[in-house]
Number of protein chains: 2
Amino acid sequence: MDISPRHLRADYRRGALKPSDVAAHVLSRLADADQSGVWISTAEPESVMATARALDARLGEMDRLPLYGLVFSVKDCIDVAGEQTTSACPEFAYVAKETSPVVADAIAAGAIYVGKTNMDQFATGLVGVRSPYGVARNPHNPDYIPGGSSSGAAVSVATGTSSFAFGTDTGGSGRVPASYCGVTGFKPSPGAFSQRGMVYACRSFDTISLYTREPGDGYNVYRVLARRDPADSFSPAEFPGWAEQTPPSRPFKLATPRSDQLKFFGNAETEKLFGDALRRLRRLDLPVDPVDFSPFSSINDLMFFGPFLAERDVSVGAFLDAHPDAGVKIVRDLVLGSRKFSAADAYRAFYAVKDAQRGLRDFWTVHDALVVPTVGTVLSIADVTRDPLTANFNNGYYTNYANPLGLAAIAVPNGITAADVPYGVTFLAPAGRERLLADLACTFMEAAPEP
Amino acid sequence: MDISPRHLRADYRRGALKPSDVAAHVLSRLADADQSGVWISTAEPESVMATARALDARLGEMDRLPLYGLVFSVKDCIDVAGEQTTSACPEFAYVAKETSPVVADAIAAGAIYVGKTNMDQFATGLVGVRSPYGVARNPHNPDYIPGGSSSGAAVSVATGTSSFAFGTDTGGSGRVPASYCGVTGFKPSPGAFSQRGMVYACRSFDTISLYTREPGDGYNVYRVLARRDPADSFSPAEFPGWAEQTPPSRPFKLATPRSDQLKFFGNAETEKLFGDALRRLRRLDLPVDPVDFSPFSSINDLMFFGPFLAERDVSVGAFLDAHPDAGVKIVRDLVLGSRKFSAADAYRAFYAVKDAQRGLRDFWTVHDALVVPTVGTVLSIADVTRDPLTANFNNGYYTNYANPLGLAAIAVPNGITAADVPYGVTFLAPAGRERLLADLACTFMEAAPEP
């Protein structure tokens with residue numbers, strides 16, 4: 001059963017399906033083999049069915065319920081009232097009192113919550129193997145990682161147990177799993193979605209994100225949920241209307257890193273696949289200019305090797321101190337290791353980000369969007385076990401800088417490796433160009449891949 | 001000779017004075033007793049006179065030279081090309097290659113540079129006694145401090161050797177000396193003036209500021225100089241037109257700290273003077289509501305006792321390390337003492353500021369401006385010698401929070417103590433209400449004090 005938003009809405013509208021059919025189908029799937037490692041907890045089936053049946057009776061209201069009958073999962077660092085939030089650390093678990101405003105808005109718009117998904121613990125990782133709840137099985141090749149940190153979210157969409165999924169994105173967690181699982185990751189610019197009701201990684205620029213199969217669906221869900229939250233200190237004082245955008249006018253001017261700055265970490269196959277993507281764009285009359293990538297990549301070191309890590313300490317350091325046996329070792333070491341960074345280091349990082357933003361102002365007046373590989377290479381579980389820090393860092397080369405620089409991004413499938421692992425591309429642009437990013441991604445996806 | 005902007009322009013226009021008359025007058029005054037401790041360096045007299053005579057010949061261009069013939073001083077942490085910048089530390093001195101854009105704009109608008117003024121070293125202090133160049137003599141009572149850190153700037157205006165003076169303001173340096181010297185301190189909101197070409201205290205929210213005698217003159221000079229600087233990473237991406245504002249409409253809704261949150265540090269005289277200010281406002285049909293001051297004052301501890309200090313370390317810490325004998329001890333200890341703060345502390349401070357800003361959004365929709373004493377009490381040099389840290393902290397109770405919270409402020413005279421020391425009030429409001437602040441300050445100043 002194709003439960004992606006566009007298909008479901010069409011099926012509901014013509015009476016081919018009811019929300020309770022879809023809910024029953026998804027519930028019946030949750031113990032299947034392809035769901036291995038995907039869920040940390042699932043909603044009470046009776047409650048899911050009751051919600052679905054109530055929606056069955058509201059078919060006439062579909063037009064004012066833009067997410068009517070869509071089944072969704074929630075990454076387990078985001079709160080759903082009455083459910084446990086673990087952030088993939090059982091000792092950290094608490095029962096949430098309130099539902100995150102973004103999730104609450106989805107429910108109010110007619111969507112059906114089914115469960116909480118697995119993740120790299122405390123959203124600290126881009127690999128999807130840093131969880132005591134196991135590894136969400138890569139739906140294409142189980143020897144490969146699903147990508148992280150929003151691993152379960154991406155797999156739940158890829159395997160058809162979620163119409164859309166809530167992930168989060170700090171340094172790439174809303175995009176890397178999209179590449180590994182062959183789905184769309186839509187990462188709003190920081191501030192477009194409320195940050196309340198989540199376990200922060202880096203509160204300065206964390207954003208809740210969306211997984212869907214199709215980029216158009218990602219953008220449509222985004223439009224429903226993007227709004228100002230007056231109770232969120234990081235929500236903009238005035239919402240600049242990022243959700244309602246007119247179609248951008250052609251021709252688009254795209255940029256991509258200069259070839260000497262592209263990194264595939266020795267993988268000729270992914271290098272060729274990205275070349276194919278650029279050729280596909282040219283064929284679509286979307287030429288791509290090679291540009292200097294260093295203003296973007298200069299921010300990367302701050303994310304998993306620099307003072308940005310200390311934001312994770314503010315979020316969960318006191319818990320880790322109080323629970324010396326809790327936490328995946330590599331996550332624990334990264335978070336507590338941030339204590340070597342001084343306040344001066346944090347301010348230097350802040351200035352570096354401001355300087356990079358300024359340095360890119362002219363870039364963004366010339367270019368509509370940046371297109372990059374979502375990840376440089378595809379990593380197996382064995383690769384990550386062998387050298388977990390390098391693997392993680394490499395996975396973030398094209399993703400880490402986006403949130404500090406205030407960019408929105410959409411990650412979509414591009415090709416498949418010989419090992420049957422999907423490999424994606426990402427389009428990025430400043431806040432306010434989400435519609436343009438979605439249009440680009442849809443145009444890219446609708447065209448046939450290179451032969 | 002009254003060299004304040006309004007008077008000078010009138011005198012120039014009717015031919016009663018020429019810029020060279022004023023320049024000669026000011027140059028003749030620089031060695032007078034009342035200039036003791038005011039100047040760290042002064043411009044070459046020949047150069048000042050040449051500039052002034054060139055302006056004499058351009059009288060017909062007055063209308064397009066809004067600062068025509070005004071003589072100004074520059075706090076010695078701001079660069080003037082070819083002049084030394086010391087930041088009140090002789091070992092730190094360098095000859096500036098470029099003039100700060102704000103100063104360059106003033107010169108291009110017809111103003112005449114005369115010299116660099118004394119200050120608390122590295123702008124680290126609110127007292128004006130932390131300088132190896134001595135204490136800028138308080139023009140009203142030399143036993144009292146001039147206030148800091150922009151001590152020389154305020155004294156140069158108070159003693160008539162500058163039509164306006166450039167100070168800087170991080171935690172109150174652009175306002176505290178206004179109170180002690182009986183002049184106006186106009187502190188733009190961070191971002192209104194370029195930050196380039198200065199020795200930073202806290203680069204995140206430092207702002208160059210203005211001293212004048214009259215508040216109207218401060219606002220008029222501000223309007224000439226406020227603009228976006230594309231080369232400054234902390235300048236807003238789009239300049240929101242802070243400089244051009246329509247007259248605000250009455251009635252104004254003013255707020256002041258609840259009486260239990262007002263602090264006069266045991267000084268009944270200043271307490272009464274501030275009460276007089278509130279009565280004067282009421283008499284002017286400008287009633288003042290007592291409000292909870294804690295959202296503002298909660299930020300104060302971060303400034304001279306918290307991680308904000310580490311921004312000063314980023315600015316001058318490497319110099320202090322390399323020069324173990326340089327620096328006023330209390331300044332050195334404060335800057336290097338900041339190394340006890342971790343990156344996590346800096347992020348906690350950042351969140352606290354964001355939370356306070358959010359917490360105040362409703363406040364600013366209800367209230368037009370906040371009125372506070374500029375300082376709680378007036379301190380003698382002996383007071384500060386006795387307990388320098390407490391004295392400094394007390395001087396910042398009503399000033400520290402303004403820049404982190406993004407506020408503009410105007411500090412104006414209110415009354416005089418029995419010891420003949422001026423005592424001021426400050427009006428504060430968010431960026432975009434500078435005109436309102438100036439109107440309030442002018443209205444306040446034009447009314448007779450309480451009997």
# chains A, B, ... in the order shown; residues from 1 in each chain; ligands from 1
$ select_by_dssp --residues "range 259-410 of chain B" --states "alpha helix (DSSP H)" --output "PyMOL selection string"
chain B and resi 268-283+294-297+301-304+309-322+329-337+343-359+361-366+381-386+388-395
$ interface_residues --of "chain B" --to "chain A" --cutoff "8 Å" --atoms "only C-alpha atoms" --output "list of chain:residue names"
B:Ser204, B:Pro230, B:Ala231, B:Asp232, B:Ser233, B:Phe234, B:Pro307, B:Ala310, B:Glu311, B:Asp313, B:Val314, B:Ser338, B:Arg339, B:Lys340, B:Phe341, B:Ser342, B:Ala343, B:Ala344, B:Asp345, B:Ala346, B:Tyr347, B:Arg348, B:Tyr351, B:Lys354, B:Asp355, B:Gln357, B:Arg358
$ residues_around --residues "range 101-110 of chain A" --least-positions-apart "6" --cutoff "7 Å" --atoms "only C-alpha atoms" --output "ChimeraX atom specification"
/A:65-69,193-194,196,225
$ residues_around --residues "Ala88 in chain B" --least-positions-apart "6" --cutoff "9 Å" --atoms "only C-alpha atoms" --output "PDB file with N, CA, C and O atoms, in the first residue's frame"
ATOM      1  N   ILE B  40      44.416  61.138  25.055  1.00  0.00           N
ATOM      2  CA  ILE B  40      45.562  60.236  24.930  1.00  0.00           C
ATOM      3  C   ILE B  40      46.465  60.730  23.803  1.00  0.00           C
ATOM      4  O   ILE B  40      47.685  60.678  23.902  1.00  0.00           O
ATOM      5  N   ASP B  76      39.762  56.276  22.325  1.00  0.00           N
ATOM      6  CA  ASP B  76      40.994  55.716  21.776  1.00  0.00           C
ATOM      7  C   ASP B  76      40.979  54.205  21.565  1.00  0.00           C
ATOM      8  O   ASP B  76      42.026  53.576  21.443  1.00  0.00           O
ATOM      9  N   CYS B  77      39.799  53.625  21.461  1.00  0.00           N
ATOM     10  CA  CYS B  77      39.703  52.238  20.988  1.00  0.00           C
ATOM     11  C   CYS B  77      39.112  52.210  19.576  1.00  0.00           C
ATOM     12  O   CYS B  77      38.784  51.139  19.058  1.00  0.00           O
ATOM     13  N   THR B 117      40.519  60.175  22.887  1.00  0.00           N
ATOM     14  CA  THR B 117      40.238  60.408  24.312  1.00  0.00           C
ATOM     15  C   THR B 117      40.521  59.183  25.185  1.00  0.00           C
ATOM     16  O   THR B 117      40.485  58.040  24.726  1.00  0.00           O
ATOM     17  N   ASN B 118      40.761  59.501  26.431  1.00  0.00           N
ATOM     18  CA  ASN B 118      41.072  58.515  27.467  1.00  0.00           C
ATOM     19  C   ASN B 118      39.843  57.671  27.807  1.00  0.00           C
ATOM     20  O   ASN B 118      38.700  58.061  27.521  1.00  0.00           O
ATOM     21  N   MET B 119      40.111  56.550  28.451  1.00  0.00           N
ATOM     22  CA  MET B 119      39.038  55.560  28.654  1.00  0.00           C
ATOM     23  C   MET B 119      39.510  54.521  29.659  1.00  0.00           C
ATOM     24  O   MET B 119      40.711  54.385  29.914  1.00  0.00           O
ATOM     25  N   ASP B 120      38.577  53.785  30.229  1.00  0.00           N
ATOM     26  CA  ASP B 120      38.982  52.591  30.965  1.00  0.00           C
ATOM     27  C   ASP B 120      39.627  51.642  29.961  1.00  0.00           C
ATOM     28  O   ASP B 120      39.080  51.404  28.874  1.00  0.00           O
ATOM     29  N   GLN B 121      40.783  51.113  30.347  1.00  0.00           N
ATOM     30  CA  GLN B 121      41.574  50.284  29.438  1.00  0.00           C
ATOM     31  C   GLN B 121      40.729  49.164  28.813  1.00  0.00           C
ATOM     32  O   GLN B 121      39.995  48.456  29.503  1.00  0.00           O
ATOM     33  N   PHE B 122      40.904  49.015  27.501  1.00  0.00           N
ATOM     34  CA  PHE B 122      40.180  47.996  26.736  1.00  0.00           C
ATOM     35  C   PHE B 122      38.655  48.084  26.955  1.00  0.00           C
ATOM     36  O   PHE B 122      37.935  47.097  26.850  1.00  0.00           O
ATOM     37  N   ALA B 123      38.202  49.305  27.289  1.00  0.00           N
ATOM     38  CA  ALA B 123      36.768  49.548  27.501  1.00  0.00           C
ATOM     39  C   ALA B 123      36.202  48.618  28.559  1.00  0.00           C
ATOM     40  O   ALA B 123      35.014  48.286  28.526  1.00  0.00           O
ATOM     41  N   ARG B 130      40.502  53.440  35.288  1.00  0.00           N
ATOM     42  CA  ARG B 130      41.336  52.281  34.956  1.00  0.00           C
ATOM     43  C   ARG B 130      42.176  52.577  33.714  1.00  0.00           C
ATOM     44  O   ARG B 130      42.042  51.930  32.685  1.00  0.00           O
ATOM     45  N   SER B 131      43.034  53.568  33.805  1.00  0.00           N
ATOM     46  CA  SER B 131      43.847  53.940  32.647  1.00  0.00           C
ATOM     47  C   SER B 131      45.218  54.405  33.104  1.00  0.00           C
ATOM     48  O   SER B 131      45.316  55.214  34.044  1.00  0.00           O
ATOM     49  N   PRO B 132      46.272  53.972  32.424  1.00  0.00           N
ATOM     50  CA  PRO B 132      47.599  54.496  32.739  1.00  0.00           C
ATOM     51  C   PRO B 132      47.756  55.948  32.282  1.00  0.00           C
ATOM     52  O   PRO B 132      48.762  56.577  32.597  1.00  0.00           O
ATOM     53  N   TYR B 133      46.798  56.476  31.564  1.00  0.00           N
ATOM     54  CA  TYR B 133      46.852  57.873  31.122  1.00  0.00           C
ATOM     55  C   TYR B 133      46.144  58.802  32.111  1.00  0.00           C
ATOM     56  O   TYR B 133      45.817  59.941  31.778  1.00  0.00           O
ATOM     57  N   GLY B 327      49.033  46.228  30.953  1.00  0.00           N
ATOM     58  CA  GLY B 327      47.639  46.171  31.381  1.00  0.00           C
ATOM     59  C   GLY B 327      47.461  46.608  32.823  1.00  0.00           C
ATOM     60  O   GLY B 327      48.276  46.304  33.693  1.00  0.00           O
TER      61      GLY B 327
END
$ residues_around --residues "range 266-280 of chain A" --least-positions-apart "4" --cutoff "12 Å" --atoms "only C-alpha atoms" --output "mmCIF file with C-alpha atoms, in the first residue's frame"
data_model
loop_
_atom_site.group_PDB
_atom_site.id
_atom_site.type_symbol
_atom_site.label_atom_id
_atom_site.label_comp_id
_atom_site.auth_asym_id
_atom_site.auth_seq_id
_atom_site.Cartn_x
_atom_site.Cartn_y
_atom_site.Cartn_z
ATOM 1 C CA SER A 179 20.490 9.619 1.097
ATOM 2 C CA LEU A 254 22.834 26.891 -9.352
ATOM 3 C CA ALA A 255 26.252 26.416 -7.801
ATOM 4 C CA THR A 256 28.238 23.373 -6.765
ATOM 5 C CA PRO A 257 31.630 22.991 -5.059
ATOM 6 C CA SER A 259 35.863 19.807 -8.359
ATOM 7 C CA LEU A 262 34.337 17.818 -3.829
ATOM 8 C CA LEU A 284 17.072 20.044 -17.599
ATOM 9 C CA ASP A 285 18.508 23.406 -18.605
ATOM 10 C CA LEU A 286 19.692 23.950 -15.036
ATOM 11 C CA PRO A 287 23.411 24.580 -15.467
ATOM 12 C CA VAL A 288 25.556 24.449 -12.368
ATOM 13 C CA ASP A 289 28.521 26.773 -11.733
ATOM 14 C CA PRO A 290 31.525 25.450 -9.845
ATOM 15 C CA LEU A 370 23.699 25.251 -3.972
ATOM 16 C CA VAL A 371 23.655 21.610 -5.082
ATOM 17 C CA VAL A 372 25.915 19.108 -3.325
ATOM 18 C CA PRO A 373 26.136 15.367 -2.798
ATOM 19 C CA THR A 374 24.178 14.635 0.391
ATOM 20 C CA VAL A 375 27.099 12.467 1.545
ATOM 21 C CA GLY A 376 30.490 11.859 -0.046
ATOM 22 C CA THR A 377 30.494 8.088 0.080
ATOM 23 C CA VAL A 378 28.238 5.296 1.285
ATOM 24 C CA LEU A 379 29.378 3.599 4.456
ATOM 25 C CA ASN A 394 32.903 12.441 6.443
ATOM 26 C CA VAL A 412 16.496 13.728 -2.618
ATOM 27 C CA PRO A 413 17.526 10.428 -4.220
ATOM 28 C CA ASN A 414 19.907 10.552 -7.144
ATOM 29 C CA GLY A 415 21.169 7.038 -7.951
ATOM 30 C CA ILE A 416 21.895 3.579 -6.608
ATOM 31 C CA THR A 417 25.313 2.029 -6.032
ATOM 32 C CA ALA A 418 26.270 -1.444 -7.215
ATOM 33 C CA ALA A 419 25.697 -2.599 -3.646
ATOM 34 C CA ASP A 420 22.087 -1.394 -4.050
ATOM 35 C CA VAL A 421 22.531 1.529 -1.661
ATOM 36 C CA PRO A 422 20.738 4.757 -2.578
ATOM 37 C CA TYR A 423 22.829 7.875 -3.016
ATOM 38 C CA GLY A 424 21.351 11.366 -2.939
ATOM 39 C CA VAL A 425 21.872 15.017 -3.715
ATOM 40 C CA THR A 426 20.895 18.055 -1.671
ATOM 41 C CA PHE A 427 19.751 21.503 -2.749
ATOM 42 C CA LEU A 440 14.202 22.161 -8.094
ATOM 43 C CA ALA A 441 14.004 18.844 -6.278
ATOM 44 C CA THR A 443 12.107 18.844 -11.420
ATOM 45 C CA PHE A 444 15.212 16.794 -10.717
ATOM 46 C CA MET A 445 13.226 13.775 -9.557
ATOM 47 C CA GLU A 446 10.739 13.851 -12.422
ATOM 48 C CA ALA A 447 13.493 13.667 -15.021
ATOM 49 C CA ALA A 448 14.930 10.318 -15.995
ATOM 50 C CA PRO A 449 18.345 9.568 -14.493
ATOM 51 C CA GLU A 450 21.359 9.514 -16.805
ATOM 52 C CA PRO A 451 21.543 6.262 -18.732
#
$ closest_residue --among "B:Pro215, B:Gly115, B:Pro90, B:Pro190" --to "Thr170 in chain B" --atoms "only C-alpha atoms"
B:Pro190
$ select_by_dssp --residues "range 361-449 of chain A" --states "strand (DSSP E)" --output "short mmCIF file (atom, residue, chain, number, x, y, z; two decimals) with N, CA, C and O atoms, in the first residue's frame"
data_model
loop_
_atom_site.label_atom_id
_atom_site.label_comp_id
_atom_site.auth_asym_id
_atom_site.auth_seq_id
_atom_site.Cartn_x
_atom_site.Cartn_y
_atom_site.Cartn_z
N ALA A 369 20.60 28.61 -5.63
CA ALA A 369 20.72 27.45 -4.74
C ALA A 369 22.08 26.80 -4.95
O ALA A 369 22.74 27.01 -5.97
N LEU A 370 22.46 26.04 -3.93
CA LEU A 370 23.70 25.25 -3.97
C LEU A 370 23.28 23.79 -4.09
O LEU A 370 22.35 23.36 -3.40
N VAL A 371 23.94 23.05 -4.98
CA VAL A 371 23.65 21.61 -5.08
C VAL A 371 24.93 20.85 -4.73
O VAL A 371 26.01 21.17 -5.21
N VAL A 372 24.77 19.90 -3.81
CA VAL A 372 25.91 19.11 -3.32
C VAL A 372 25.49 17.64 -3.22
O VAL A 372 24.29 17.34 -3.16
N PRO A 373 26.47 16.73 -3.20
CA PRO A 373 26.14 15.37 -2.80
C PRO A 373 25.60 15.43 -1.37
O PRO A 373 26.08 16.27 -0.57
N LEU A 407 20.50 28.10 6.47
CA LEU A 407 19.99 27.62 5.18
C LEU A 407 18.87 26.60 5.36
O LEU A 407 18.83 25.87 6.34
N ALA A 408 17.99 26.53 4.38
CA ALA A 408 17.04 25.43 4.23
C ALA A 408 17.64 24.45 3.24
O ALA A 408 18.50 24.81 2.43
N ALA A 409 17.21 23.19 3.30
CA ALA A 409 17.78 22.17 2.41
C ALA A 409 16.75 21.11 2.10
O ALA A 409 15.85 20.83 2.91
N ILE A 410 16.89 20.53 0.92
CA ILE A 410 16.07 19.38 0.57
C ILE A 410 16.99 18.33 -0.05
O ILE A 410 17.74 18.61 -0.99
N ALA A 411 16.97 17.14 0.56
CA ALA A 411 17.82 16.03 0.12
C ALA A 411 16.94 15.02 -0.60
O ALA A 411 15.91 14.60 -0.05
N VAL A 412 17.32 14.66 -1.82
CA VAL A 412 16.50 13.73 -2.62
C VAL A 412 17.38 12.63 -3.22
O VAL A 412 18.59 12.80 -3.35
N PRO A 413 16.76 11.51 -3.61
CA PRO A 413 17.53 10.43 -4.22
C PRO A 413 18.12 10.86 -5.57
O PRO A 413 17.56 11.70 -6.27
N ASN A 414 19.24 10.27 -5.87
CA ASN A 414 19.91 10.55 -7.14
C ASN A 414 20.18 9.26 -7.90
O ASN A 414 19.72 9.09 -9.02
N GLY A 415 20.84 8.29 -7.27
CA GLY A 415 21.17 7.04 -7.95
C GLY A 415 21.29 5.90 -6.95
O GLY A 415 20.97 6.07 -5.77
N ILE A 416 21.74 4.78 -7.43
CA ILE A 416 21.90 3.58 -6.61
C ILE A 416 23.28 3.01 -6.88
O ILE A 416 23.70 2.95 -8.04
N PRO A 422 21.09 3.47 -1.97
CA PRO A 422 20.74 4.76 -2.58
C PRO A 422 21.80 5.81 -2.29
O PRO A 422 22.54 5.71 -1.30
N TYR A 423 21.85 6.80 -3.15
CA TYR A 423 22.83 7.87 -3.02
C TYR A 423 22.17 9.16 -3.50
O TYR A 423 21.66 9.21 -4.63
N GLY A 424 22.17 10.20 -2.64
CA GLY A 424 21.35 11.37 -2.94
C GLY A 424 22.10 12.64 -3.22
O GLY A 424 23.33 12.72 -3.10
N VAL A 425 21.35 13.66 -3.60
CA VAL A 425 21.87 15.02 -3.71
C VAL A 425 21.02 15.93 -2.83
O VAL A 425 19.88 15.60 -2.48
N THR A 426 21.60 17.08 -2.50
CA THR A 426 20.90 18.05 -1.67
C THR A 426 20.95 19.43 -2.32
O THR A 426 22.00 19.84 -2.82
N PHE A 427 19.83 20.11 -2.32
CA PHE A 427 19.75 21.50 -2.75
C PHE A 427 19.61 22.37 -1.48
O PHE A 427 18.79 22.06 -0.61
N LEU A 428 20.40 23.43 -1.42
CA LEU A 428 20.36 24.32 -0.25
C LEU A 428 20.20 25.77 -0.69
O LEU A 428 20.70 26.17 -1.76
N ALA A 429 19.54 26.57 0.15
CA ALA A 429 19.36 28.00 -0.13
C ALA A 429 18.96 28.70 1.16
O ALA A 429 18.53 28.04 2.11
N PRO A 430 19.08 30.02 1.21
CA PRO A 430 18.68 30.74 2.42
C PRO A 430 17.17 30.66 2.67
O PRO A 430 16.39 30.40 1.74
#
$ atom_distance --atom1 "CA of Thr385 in chain B" --atom2 "CA of Phe264 in chain B"
19.1 Å
$ atom_distance --atom1 "CA of Phe393 in chain B" --atom2 "CA of Phe304 in chain B"
7.2 Å
$ atom_distance --atom1 "CA of Ile299 in chain A" --atom2 "CA of Gln245 in chain A"
28.9 Å
$ closest_residue --among "B:Thr51, B:Gln35, B:Gly216, B:Gly147" --to "Asp439 in chain B" --atoms "only C-alpha atoms"
B:Gly216
$ closest_residue --among "B:Trp39, B:Tyr401, B:Phe319, B:Phe72" --to "Phe166 in chain B" --atoms "only C-alpha atoms"
B:Phe72
$ residues_around --residues "Val183 in chain A" --least-positions-apart "5" --cutoff "7 Å" --atoms "only C-alpha atoms" --output "ChimeraX atom specification"
/A:154,158,178,212-213,412-413
$ write_last_selection --atoms "N, CA and C atoms" --output "JSON list (two decimals), in the first residue's frame"
[["chain", "number", "residue", "atom", "x", "y", "z"],
["A", 154, "ALA", "N", 13.73, 8.02, 8.68],
["A", 154, "ALA", "CA", 13.90, 7.80, 7.24],
["A", 154, "ALA", "C", 13.47, 6.39, 6.85],
["A", 158, "ALA", "N", 10.76, 5.07, 4.14],
["A", 158, "ALA", "CA", 11.24, 4.22, 3.03],
["A", 158, "ALA", "C", 10.51, 2.89, 2.98],
["A", 178, "ALA", "N", 18.24, 10.44, 4.51],
["A", 178, "ALA", "CA", 17.49, 10.48, 3.25],
["A", 178, "ALA", "C", 18.32, 9.88, 2.13],
["A", 212, "THR", "N", 9.81, 12.39, 3.71],
["A", 212, "THR", "CA", 8.70, 11.90, 2.86],
["A", 212, "THR", "C", 9.36, 11.14, 1.72],
["A", 213, "ARG", "N", 8.54, 10.44, 0.94],
["A", 213, "ARG", "CA", 9.15, 9.83, -0.25],
["A", 213, "ARG", "C", 9.43, 10.89, -1.31],
["A", 412, "VAL", "N", 17.32, 14.66, -1.82],
["A", 412, "VAL", "CA", 16.50, 13.73, -2.62],
["A", 412, "VAL", "C", 17.38, 12.63, -3.22],
["A", 413, "PRO", "N", 16.76, 11.51, -3.61],
["A", 413, "PRO", "CA", 17.53, 10.43, -4.22],
["A", 413, "PRO", "C", 18.12, 10.86, -5.57]]
$ decode --residues "range 313-358 of chain B" --atoms "C-alpha atoms" --output "short mmCIF file (atom, residue, chain, number, x, y, z; two decimals), in the first residue's frame"
data_model
loop_
_atom_site.label_atom_id
_atom_site.label_comp_id
_atom_site.auth_asym_id
_atom_site.auth_seq_id
_atom_site.Cartn_x
_atom_site.Cartn_y
_atom_site.Cartn_z
CA ASP B 313 39.67 37.60 26.03
CA VAL B 314 39.13 36.87 22.33
CA SER B 315 39.86 40.53 21.62
CA VAL B 316 42.94 41.20 23.78
CA GLY B 317 43.78 37.98 25.65
CA ALA B 318 46.59 36.97 23.28
CA PHE B 319 48.14 40.41 23.71
CA LEU B 320 47.96 40.16 27.50
CA ASP B 321 49.54 36.70 27.38
CA ALA B 322 52.39 38.00 25.25
CA HIS B 323 52.89 41.06 27.48
CA PRO B 324 52.75 39.86 31.08
CA ASP B 325 53.63 43.30 32.42
CA ALA B 326 51.13 45.23 30.34
CA GLY B 327 47.64 46.17 31.38
CA VAL B 328 45.98 47.71 34.40
CA LYS B 329 45.83 44.91 36.96
CA ILE B 330 42.07 44.90 37.50
CA VAL B 331 41.42 44.88 33.75
CA ARG B 332 43.99 42.17 33.16
CA ASP B 333 42.52 40.05 35.94
CA LEU B 334 38.98 40.45 34.61
CA VAL B 335 39.92 39.55 31.03
CA LEU B 336 42.17 36.60 31.88
CA GLY B 337 39.85 35.51 34.70
CA SER B 338 37.23 34.82 32.04
CA ARG B 339 39.11 31.65 31.14
CA LYS B 340 37.27 29.87 33.89
CA PHE B 341 34.12 30.05 31.76
CA SER B 342 33.44 27.09 29.49
CA ALA B 343 31.89 27.03 26.04
CA ALA B 344 28.80 25.59 27.72
CA ASP B 345 28.66 28.68 29.96
CA ALA B 346 28.75 30.88 26.86
CA TYR B 347 25.88 28.96 25.26
CA ARG B 348 23.89 29.11 28.49
CA ALA B 349 24.37 32.88 28.45
CA PHE B 350 23.27 33.00 24.82
CA TYR B 351 20.07 31.10 25.64
CA ALA B 352 19.46 33.35 28.65
CA VAL B 353 19.64 36.40 26.40
CA LYS B 354 17.30 34.85 23.82
CA ASP B 355 14.88 33.86 26.58
CA ALA B 356 14.98 37.37 28.06
CA GLN B 357 14.36 38.90 24.63
CA ARG B 358 11.36 36.66 24.12
#
